[in-house]
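> Mind having a look at this structure? Questions to follow.
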Amino acid sequence: METKYICTHEHCSYPGSTRFNMSFKSESIMDDNNVATAFCPFCKKELMPAPPLTMDCDPQTSADCNQVD
């Protein structure tokens, strides 16, 4: 599983059709407290952690998963 960060700045100059994002393999990050702040190379604003996708979520291993009824 990858950890993804996205640019949430409303006026970002990223030329793509979606938001600029940066992904890291899970083994390259120790934990959320030991991650350097990443910045968007286009607008220079701080990147925010992307919300987990439902299809990437395993409720048995992650407390951040939404419960599906």
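Each chain in the structure tokens gets a letter, A, B and so on, in the order shown; residues start at 1 in every chain, and ligands are counted from 1 in the order they appear.
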For Arg19 (chain A), list every protein, DNA or RNA residue within 12 Å, evaluated using only C-alpha atoms, and leave out those in the same chain fewer than 5 positions away; present the list as a list in words.
Lys4, Tyr5, Ile6, Cys7, Thr8, His9, Glu10, His11, Cys12, Ser13, Tyr14, Cys40, Phe42, Cys43, Leu47, Met48 and Ala50 of chain A
> Based on the selection just made, write N, CA and C atoms of those residues as a PDB file, in the first residue's frame.

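again_22.pdb was written with the following content:
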ATOM      1  N   LYS A   4      -0.241   8.478   0.019  1.00  0.00           N
ATOM      2  CA  LYS A   4      -0.353   9.491  -1.017  1.00  0.00           C
ATOM      3  C   LYS A   4      -0.619  10.848  -0.384  1.00  0.00           C
ATOM      4  N   TYR A   5       0.060  11.869  -0.909  1.00  0.00           N
ATOM      5  CA  TYR A   5      -0.145  13.249  -0.510  1.00  0.00           C
ATOM      6  C   TYR A   5      -0.635  14.015  -1.724  1.00  0.00           C
ATOM      7  N   ILE A   6      -1.584  14.944  -1.497  1.00  0.00           N
ATOM      8  CA  ILE A   6      -2.153  15.708  -2.605  1.00  0.00           C
ATOM      9  C   ILE A   6      -2.082  17.201  -2.306  1.00  0.00           C
ATOM     10  N   CYS A   7      -2.112  17.993  -3.375  1.00  0.00           N
ATOM     11  CA  CYS A   7      -2.163  19.438  -3.253  1.00  0.00           C
ATOM     12  C   CYS A   7      -3.627  19.841  -3.148  1.00  0.00           C
ATOM     13  N   THR A   8      -3.963  20.575  -2.094  1.00  0.00           N
ATOM     14  CA  THR A   8      -5.353  20.997  -1.901  1.00  0.00           C
ATOM     15  C   THR A   8      -5.532  22.492  -2.140  1.00  0.00           C
ATOM     16  N   HIS A   9      -4.482  23.162  -2.633  1.00  0.00           N
ATOM     17  CA  HIS A   9      -4.559  24.603  -2.886  1.00  0.00           C
ATOM     18  C   HIS A   9      -5.502  24.880  -4.053  1.00  0.00           C
ATOM     19  N   GLU A  10      -6.452  25.763  -3.839  1.00  0.00           N
ATOM     20  CA  GLU A  10      -7.500  26.039  -4.822  1.00  0.00           C
ATOM     21  C   GLU A  10      -6.952  26.605  -6.131  1.00  0.00           C
ATOM     22  N   HIS A  11      -5.882  27.383  -6.077  1.00  0.00           N
ATOM     23  CA  HIS A  11      -5.358  28.038  -7.269  1.00  0.00           C
ATOM     24  C   HIS A  11      -4.010  27.463  -7.695  1.00  0.00           C
ATOM     25  N   CYS A  12      -3.824  26.164  -7.541  1.00  0.00           N
ATOM     26  CA  CYS A  12      -2.574  25.515  -7.943  1.00  0.00           C
ATOM     27  C   CYS A  12      -2.437  25.567  -9.459  1.00  0.00           C
ATOM     28  N   SER A  13      -1.225  25.751  -9.941  1.00  0.00           N
ATOM     29  CA  SER A  13      -0.984  25.864 -11.379  1.00  0.00           C
ATOM     30  C   SER A  13      -0.623  24.529 -12.032  1.00  0.00           C
ATOM     31  N   TYR A  14      -0.858  23.407 -11.324  1.00  0.00           N
ATOM     32  CA  TYR A  14      -0.570  22.087 -11.891  1.00  0.00           C
ATOM     33  C   TYR A  14      -1.378  21.905 -13.173  1.00  0.00           C
ATOM     34  N   CYS A  40       4.111  21.268  -2.850  1.00  0.00           N
ATOM     35  CA  CYS A  40       3.773  21.166  -4.269  1.00  0.00           C
ATOM     36  C   CYS A  40       4.813  21.945  -5.076  1.00  0.00           C
ATOM     37  N   PHE A  42       4.474  23.176  -7.913  1.00  0.00           N
ATOM     38  CA  PHE A  42       3.817  24.151  -8.788  1.00  0.00           C
ATOM     39  C   PHE A  42       3.366  25.399  -8.043  1.00  0.00           C
ATOM     40  N   CYS A  43       2.706  25.225  -6.888  1.00  0.00           N
ATOM     41  CA  CYS A  43       2.194  26.386  -6.150  1.00  0.00           C
ATOM     42  C   CYS A  43       2.949  26.635  -4.843  1.00  0.00           C
ATOM     43  N   LEU A  47       1.632  19.888   0.895  1.00  0.00           N
ATOM     44  CA  LEU A  47       0.799  18.768   0.470  1.00  0.00           C
ATOM     45  C   LEU A  47       0.146  18.146   1.697  1.00  0.00           C
ATOM     46  N   MET A  48      -1.085  17.690   1.529  1.00  0.00           N
ATOM     47  CA  MET A  48      -1.840  17.080   2.615  1.00  0.00           C
ATOM     48  C   MET A  48      -2.013  15.588   2.345  1.00  0.00           C
ATOM     49  N   ALA A  50      -3.681  12.297   1.458  1.00  0.00           N
ATOM     50  CA  ALA A  50      -4.918  11.994   0.735  1.00  0.00           C
ATOM     51  C   ALA A  50      -5.769  11.071   1.581  1.00  0.00           C
TER      52      ALA A  50
END
> For Pro41 (chain A), list every protein, DNA or RNA residue within 9 Å, evaluated using only C-alpha atoms, and leave out those in the same chain fewer than 3 positions away; present the list as a PDB file with C-alpha atoms, in the first residue's frame.

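Contents of the output file part.pdb:
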ATOM      1  CA  TYR A  14      -0.570  22.087 -11.891  1.00  0.00           C
ATOM      2  CA  PHE A  20      -0.954  17.062  -8.078  1.00  0.00           C
ATOM      3  CA  LYS A  44       4.685  25.842  -3.274  1.00  0.00           C
ATOM      4  CA  LYS A  45       1.887  25.031  -0.780  1.00  0.00           C
TER       5      LYS A  45
END
> Out of A:Thr3, A:Ser28, A:Asn33, A:Ser17, which residue has the shortest atom-to-atom distance to Pro52 (chain A) when counting only C-alpha atoms?
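For Pro52 (chain A), the nearest of the given residues is A:Thr3.
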> One number please: CA of Ala38 (chain A) to CA of Pro51 (chain A), in Å, one decimal.
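Between these atoms lies a distance of 16.1 Å.
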> Just the number, please: distance in Å from CA of Glu2 (chain A) to CA of Glu27 (chain A), one decimal.
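Separation of CA of Glu2 (chain A) and CA of Glu27 (chain A): 8.7 Å.
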